[in-house]
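K.L.:
What follows is a structure written as structure tokens; I'll ask about it next.
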Amino acid sequence: MFHRTETRPVKVGNIQIGGNDQVVIQSMTTTKTHDVKATVEEINRLAEAGCQIVRVAVPDMRAAEAIPLIKKEVNVPLVADIHFDYKLALKAIEGGIDKIRINPGNIGRREKVEAVVKAAKERGIPIRIGVNAGSLEKRILEKYGYPTAEGMVESALYHIGILEELDFHDIVVSLKASDVRLAIEAYKKAAETFRYPLHLGITESGTLFSGTVKSAAGLGALLAMGIGSTIRISLSADPVEEVKVARELLKAFGLAANAATLISCPTCGRIEIDLISIANEIEEYISKIQAPIKVSVLGCAVNGPGEAKEADIGIAGARGEGLLFRHGKIIRKIPEEKMVEELKKEIDKLAEEYRRK
Ligand code: SF4
């Protein structure tokens, strides 16, 4: 076992990565960053879904110049994703970015690296080193023959070494691979080797369905070991879906502080209501509720209230109606057509009670 609390705390705007038991949710915009309006819209959609830090691609000067304009319109901390070009990093830092993702070993001449590190240090901005199994340094690939966990950690240590030599320590590291077992091994090895907080991700994991399963398998294993202080689910889908998956995964490990959870039965021959559509509607509804409420939706009353004792509020189907219950006790009967509406009202009441506490 590892303890994410023992990693070095790094501040990204008002959010802390590492040094505690939180796992911060990140995602990345899919818009052209120079399109300020579209990018702001997407960032705000991500934030509303529960994304705590948003990364934007900065492939050119137009994108870097858009950063101060975007910053003015959003409240979440932003990360600039930069490859190689130190001028883009300097521009992003000057524009008020909260973190940069760049590998110092890829920047080039020493004075360029020094300029970026100096600017980041002056503004208190961390740097994320992103090691990717698919783009390891040639000499590391030659040494190991193919991407290995050892090679990935060696690459991370190389980039870390450059920053440490310049007395820079606000570092976050990712070691992404699309091979789940390789990613698990690499992150485990990294957690054994250094104390910088780890940014978890399975890269190029696939579409909404397959990518969710793959990410949950790999990142779930790591989270269960106490590894990872921030997480990004990579999906070939709307990035809001990435945030939803991340939240659900963290909820499964009790790591999402203010999220509501749905308990719903798998249905069987005893079903009395249209449970699947109700469960989907309630799941969508609670995805934006910021309170640790457990809601249950069960197909029948045979085991209903008893099965959902753990839930704060729930319904169980009965012929043509629903039984509304709180903490396992039935409080009233509701006609089937009003069930969803009434349950939503009760959820709102509970969320309000929680906020007032
Ligand atoms: Fe079947 Fe009822 Fe259990 Fe749902 S709650 S699985 S409908 S017995």
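Identifiers in the structure tokens: chain A, B, ... in order shown; residue index from 1 per chain; ligand index from 1 in order shown.
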To check your reading of the model: which residues sit at most 6 Å from ligand 1 when counting only C-alpha atoms and all ligand atoms? Write the answer as a PyMOL selection string.

P.N.:
chain A and resi 265-268+270-271+298-300+302-304

K.L.:
Find the residues near range 81-86 of chain A: any atom within 7 Å, counting only C-alpha atoms, skip ones fewer than 6 places away on the same chain, and give them as a PDB file with N, CA and C atoms, in the first residue's frame.

P.N.:
ATOM      1  N   ARG A  55      -7.242  21.431 -18.688  1.00  0.00           N
ATOM      2  CA  ARG A  55      -6.041  21.611 -19.513  1.00  0.00           C
ATOM      3  C   ARG A  55      -6.446  22.052 -20.910  1.00  0.00           C
ATOM      4  N   VAL A  56      -5.687  22.984 -21.451  1.00  0.00           N
ATOM      5  CA  VAL A  56      -5.939  23.415 -22.827  1.00  0.00           C
ATOM      6  C   VAL A  56      -4.670  23.179 -23.650  1.00  0.00           C
ATOM      7  N   ALA A  57      -4.847  22.827 -24.913  1.00  0.00           N
ATOM      8  CA  ALA A  57      -3.694  22.614 -25.785  1.00  0.00           C
ATOM      9  C   ALA A  57      -3.145  23.978 -26.197  1.00  0.00           C
ATOM     10  N   VAL A  58      -1.819  24.110 -26.141  1.00  0.00           N
ATOM     11  CA  VAL A  58      -1.201  25.361 -26.613  1.00  0.00           C
ATOM     12  C   VAL A  58      -0.179  25.002 -27.697  1.00  0.00           C
ATOM     13  N   PRO A  59      -0.678  24.783 -28.925  1.00  0.00           N
ATOM     14  CA  PRO A  59       0.231  24.351 -29.994  1.00  0.00           C
ATOM     15  C   PRO A  59       0.907  25.509 -30.718  1.00  0.00           C
ATOM     16  N   ILE A 100       1.865  24.385 -16.070  1.00  0.00           N
ATOM     17  CA  ILE A 100       2.189  24.006 -17.445  1.00  0.00           C
ATOM     18  C   ILE A 100       2.580  22.531 -17.495  1.00  0.00           C
ATOM     19  N   ARG A 101       2.256  21.937 -18.617  1.00  0.00           N
ATOM     20  CA  ARG A 101       2.642  20.548 -18.828  1.00  0.00           C
ATOM     21  C   ARG A 101       3.698  20.606 -19.935  1.00  0.00           C
ATOM     22  N   ILE A 102       4.931  20.358 -19.536  1.00  0.00           N
ATOM     23  CA  ILE A 102       6.028  20.382 -20.509  1.00  0.00           C
ATOM     24  C   ILE A 102       7.151  19.499 -19.960  1.00  0.00           C
ATOM     25  N   ASN A 106      12.832  18.127 -23.129  1.00  0.00           N
ATOM     26  CA  ASN A 106      12.507  18.305 -24.553  1.00  0.00           C
ATOM     27  C   ASN A 106      12.571  19.763 -24.985  1.00  0.00           C
ATOM     28  N   ILE A 107      12.882  20.657 -24.049  1.00  0.00           N
ATOM     29  CA  ILE A 107      12.850  22.089 -24.387  1.00  0.00           C
ATOM     30  C   ILE A 107      14.051  22.488 -25.247  1.00  0.00           C
ATOM     31  N   LYS A 112      17.084  28.062 -22.293  1.00  0.00           N
ATOM     32  CA  LYS A 112      15.636  28.044 -22.542  1.00  0.00           C
ATOM     33  C   LYS A 112      14.927  27.386 -21.355  1.00  0.00           C
ATOM     34  N   VAL A 116      12.182  29.136 -18.583  1.00  0.00           N
ATOM     35  CA  VAL A 116      10.846  28.616 -18.237  1.00  0.00           C
ATOM     36  C   VAL A 116      10.757  28.369 -16.731  1.00  0.00           C
TER      37      VAL A 116
END

K.L.:
Do you know which residues are at most 9 Å from range 210-217 of chain A counting only C-alpha atoms, after dropping those on the same chain fewer than 2 positions away, and could you put them as a VMD selection string?

P.N.:
chain A and resid 178 180 201 to 208 219 to 222 233 to 236 242 245 to 246 249

K.L.:
Check the smallest atom-to-atom distance from each of A:Tyr285, A:Gly228, A:Lys118, A:Arg123 to Asn20 in chain A using only C-alpha atoms, then report the winner.

P.N.:
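Once distances to Asn20 in chain A are computed over only C-alpha atoms, the minimum belongs to A:Gly228.
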
K.L.:
Could you pull the residues within 12 Å of Arg139 in chain A, counting only C-alpha atoms, minus those fewer than 4 positions along the same chain, as a short mmCIF file (atom, residue, chain, number, x, y, z; two decimals) with N, CA and C atoms, in the first residue's frame?

P.N.:
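Saved as around_0.cif:
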data_model
loop_
_atom_site.label_atom_id
_atom_site.label_comp_id
_atom_site.auth_asym_id
_atom_site.auth_seq_id
_atom_site.Cartn_x
_atom_site.Cartn_y
_atom_site.Cartn_z
N SER A 135 6.18 7.63 -26.41
CA SER A 135 7.18 8.59 -26.89
C SER A 135 8.38 8.70 -25.91
N LYS A 143 17.93 1.11 -24.62
CA LYS A 143 18.40 0.38 -23.43
C LYS A 143 17.47 -0.78 -23.08
N TYR A 144 16.13 -0.53 -23.12
CA TYR A 144 15.19 -1.57 -22.68
C TYR A 144 14.59 -2.38 -23.84
N GLY A 145 14.76 -1.88 -25.06
CA GLY A 145 14.25 -2.62 -26.22
C GLY A 145 12.82 -2.25 -26.60
N TYR A 146 11.99 -1.94 -25.61
CA TYR A 146 10.59 -1.55 -25.84
C TYR A 146 10.13 -0.80 -24.58
N PRO A 147 8.96 -0.15 -24.60
CA PRO A 147 8.55 0.61 -23.41
C PRO A 147 8.31 -0.30 -22.21
N GLY A 151 11.79 1.84 -17.79
CA GLY A 151 12.15 2.89 -18.75
C GLY A 151 11.33 4.14 -18.52
N MET A 152 10.06 3.97 -18.23
CA MET A 152 9.19 5.13 -18.03
C MET A 152 9.60 5.90 -16.78
N GLU A 154 12.57 5.84 -15.47
CA GLU A 154 13.89 6.43 -15.77
C GLU A 154 13.71 7.75 -16.53
N SER A 155 12.75 7.77 -17.46
CA SER A 155 12.48 8.99 -18.21
C SER A 155 11.97 10.08 -17.26
N TYR A 158 14.76 11.52 -15.27
CA TYR A 158 15.62 12.39 -16.09
C TYR A 158 15.05 13.82 -16.11
#

K.L.:
Apply DSSP to the structure's backbone, then extract all residues of range 96-340 of chain A labelled strand (DSSP E) and return them as JSON, numbers by chain.

P.N.:
{"A": [99, 100, 101, 127, 128, 129, 130, 131, 132, 171, 172, 173, 174, 175, 176, 199, 200, 230, 231, 232, 261, 262, 263, 264, 294, 295, 296, 297, 298, 313, 314, 315, 316, 317, 318, 321, 322, 323, 324, 325, 326, 329, 330, 331, 332, 333, 334, 335]}

K.L.:
With distances taken over only C-alpha atoms, which residue among A:Ala63, A:Leu343, A:Ala115, A:Leu69 lies nearest Leu88 in chain A?

P.N.:
A:Ala63
